[in-house]
Each structure stands twice: as C-alpha cells, then as structure tokens.
There are 2 protein chains.
Amino acid sequence: MYDTEGLKILTEQECRELLGTVALGRIVFTDRALPAIQPVNFVLADGEVVILTAAGSKLAAATRNAVVAFEIDKFDHALATGWAVVVIGHARVIAEDGELDRMRSLPLKPWNEGEPVHYIAITPELISGRSLPKAPE
Amino acid sequence: MYDTEGLKILTEQECRELLGTVALGRIVFTDRALPAIQPVNFVLADGEVVILTAAGSKLAAATRNAVVAFEIDKFDHALATGWAVVVIGHARVIAEDGELDRMRSLPLKPWNEGEPVHYIAITPELISGRSLPKAPE
C-alpha cells in the first residue's frame with residue numbers, strides 16, 4: 001500500500017517495532033495557538049512513550065492532558081531510503097507515587113540533571129508510518 | 001543563554017546557518033484538529049524554506065496559507081551533543097509562473113516522480129534553536 005506521496009504505508013506492527021530502535025523523538029504540540037515541536041529522548045514502557053521534561057518548561061505545560069503527536073524517523077544521507085513513524089495520543093503527567101517509582105527505574109536520563117523533572121507518558125491511540133524508497137514505477 | 005530545559009539558546013544567525021547544513025526537515029501542521037508532522041526534503045531559496053508535496057496530499061491541503069512549523073535537528077547516537085532549529089511561518093503554494101520556473105531550477109527532487117507536485121514556500125517569521133550539551137553545572 002502506498003500513500004498519495006508515493007511512500008509505502010507501514011503496518012502498525014512494523015511501526016511498533018521501529019519505536020524500539022531509536023532513542024530520540026519529537027513531540028508535536030500547540031503552544032499559544034501555534035504549532036510547536038521539540039526533540040526529546042524517550043523510552044517505551046508497557047507500550048507507552050515516556051519522556052522527561054523540566055518541571056517548569058513550556059513542554060510540561062503544553063502537554064498536560066493534551067493530544068500530542070510523537071514522531072521518530074531515520075533517513076540516510078542521500079534521502080534514498082528511510083522511514084518515519086507518528087504516534088498520536090493523550091499525554092499525561094505521571095504523578096502517582098507507584099507509577100513514578102516505576103518511571104524512575106527506566107533507562108531515561110534528563111538532559112539537564114540539576115532541575116526537577118516531570119515524567120510524561122503518551123498512550124498511542126493512532127500509529128502510522130511510511131517508508132522510502134517510493135513505489136516502483 | 002540557556003532555556004528551562006538547560007539547553008543552550010542559539011542565535012538567529014546560528015539557526016540560519018544550520019538551515020543550510022541538512023537536506024531533511026519536518027513540517028508540523030494541523031490535520032483535522034490533530035497535531036500532524038511529516039518529514040520532507042527541502043532547500044533554502046532566498047531565505048525561504050521550499051518543499052515539494054504531491055498535489056493531492058493532505059500536506060498540500062493542510063499547509064495552504066496555514067501557519068506551520070518546520071524543524072530540523074541533528075543529534076549524535078549517544079544523545080550527548082546535538083541541535084534543533086524550528087522555523088515558524090506562513091506556508092504558501094507557489095502558483096505564479098515566473099516563481100514556478102525559479103522553483104523548478106532548485107536542486108529539489110520529489111520522492112514520487114510520477115505525480116504532479118506543488119511547491120510550498122515557508123517564509124520564516126520566527127526562528128529559534130537549541131543545542132546540547134546542556135549548561136555546565
């Protein structure tokens with residue numbers, strides 16, 4: 001199956017497997033009515049995308065109970081092969097003690113270790129992905 | 001200058017220079033009220049970000065005269081160094097003949113060569129960027 005751009009449509013299973021192959025993704029959200037995007041490191045935990053953000057950051061504020069997109073991709077330098085996966089789901093700040101303990105045991109380190117952090121979990125509600133190369137002629 | 005995540009804030013000049021160093025970016029837009037993101041190859045032309053999209057694609061429809069974000073980034077595998085730049089601006093479909101001729105001379109190739117394409121230009125209105133490593137302790 002190919003989309004209108006001629007890219008191959010990945011299955012949900014392929015997308016879920018690709019989520020486990022990279023450590024960097026991008027959160028897409030809305031910031032004061034404008035589209036916003038921020039790279040984040042992440043881990044998968046029980047099928048959820050878990051990220052860390054500084055407690056006072058705009059990302060922490062903007063993703064509180066919001067619907068966000070989370071994107072990962074990998075393309076070679078010549079842009080001849082590659083893939084991208086996008087997850088859409090509700091983001092929630094982890095606040096419950098037991099769940100926080102579980103999050104703290106994940107292999108996820110903040111970029112700024114001096115600051116208090118929030119754990120944010122995104123439950124995938126829609127998963128889609130595309131890959132290059134394009135459809136054969 | 002460092003942001004709330006402890007990342008270094010890049011100057012506008014640094015951001016503009018980084019825009020010329022990569023060939024792949026990500027368009028962030030709204031698709032049926034949901035955040036959406038799509039990787040695209042791009043070139044810079046007279047300070048504008050120019051992308052190609054299939055004429056009938058949702059990207060072509062969603063970016064018509066919309067405010068979009070455009071992101072590029074580069075991180076090393078261990079996520080110890082890296083940078084990200086985000087451009088926000090109006091996207092417009094190039095329709096005027098003279099400008100189309102100019103676009104067709106750019107080194108920009110569609111991923112799906114069989115389909116009619118639209119050229120979309122994004123005029124940067126806001127440019128921001130961050131870099132790792134984080135602020136020294």
# chains A, B, ... in the order shown; residues from 1 in each chain; ligands from 1
call {"tool": "select_by_dssp", "arguments": {"residues": "chain B", "states": "strand (DSSP E)", "output": "PyMOL selection string"}}
result
chain B and resi 8-9+24-31+34-45+48-54+67-75+82-93+117-132
call {"tool": "interface_residues", "arguments": {"of": "chain A", "to": "chain B", "cutoff": "7 Å", "atoms": "only C-alpha atoms", "output": "list in words"}}
result
Thr4, Glu5, Gly6, Val28, Phe29, Pro35, Ala36, Thr53, Ala54, Gly56, Ser57, Val68, Ala69, Trp111, Asn112 and Lys134 of chain A
call {"tool": "select_by_dssp", "arguments": {"residues": "chain B", "states": "helix (DSSP H, G or I)", "output": "list in words"}}
result
Glu12, Gln13, Glu14, Cys15, Arg16, Glu17, Leu18, Leu19, Lys58, Leu59, Ala60, Ala61, Ala62, Asp97, Gly98, Glu99, Leu100, Asp101, Arg102, Met103 and Arg104 of chain B
call {"tool": "residues_around", "arguments": {"residues": "A:Arg64", "least_positions_apart": "5", "cutoff": "8 Å", "atoms": "only C-alpha atoms", "output": "short mmCIF file (atom, residue, chain, number, x, y, z; two decimals) with C-alpha atoms, in the first residue's frame"}}
result
data_model
loop_
_atom_site.label_atom_id
_atom_site.label_comp_id
_atom_site.auth_asym_id
_atom_site.auth_seq_id
_atom_site.Cartn_x
_atom_site.Cartn_y
_atom_site.Cartn_z
CA ALA A 91 -0.12 12.98 27.11
CA ARG A 92 -0.37 12.79 30.87
CA VAL A 93 2.00 13.87 33.63
#
call {"tool": "atom_distance", "arguments": {"atom1": "atom CA of B:Ala61", "atom2": "atom CA of B:Pro107"}}
result
23.7 Å
call {"tool": "atom_distance", "arguments": {"atom1": "atom CA of B:His90", "atom2": "atom CA of B:Asn65"}}
result
6.1 Å
call {"tool": "residues_around", "arguments": {"residues": "A:Asp46", "least_positions_apart": "5", "cutoff": "12 Å", "atoms": "only C-alpha atoms", "output": "MDAnalysis selection string"}}
result
chainID A and resid 16 20 99 102:103 106 121:124
call {"tool": "atom_distance", "arguments": {"atom1": "atom CA of B:Tyr119", "atom2": "atom CA of B:Cys15"}}
result
23.2 Å
call {"tool": "closest_residue", "arguments": {"among": "B:Gly82, B:Val43, B:Leu100, B:Gly25", "to": "B:Lys8", "atoms": "only C-alpha atoms"}}
result
B:Gly82
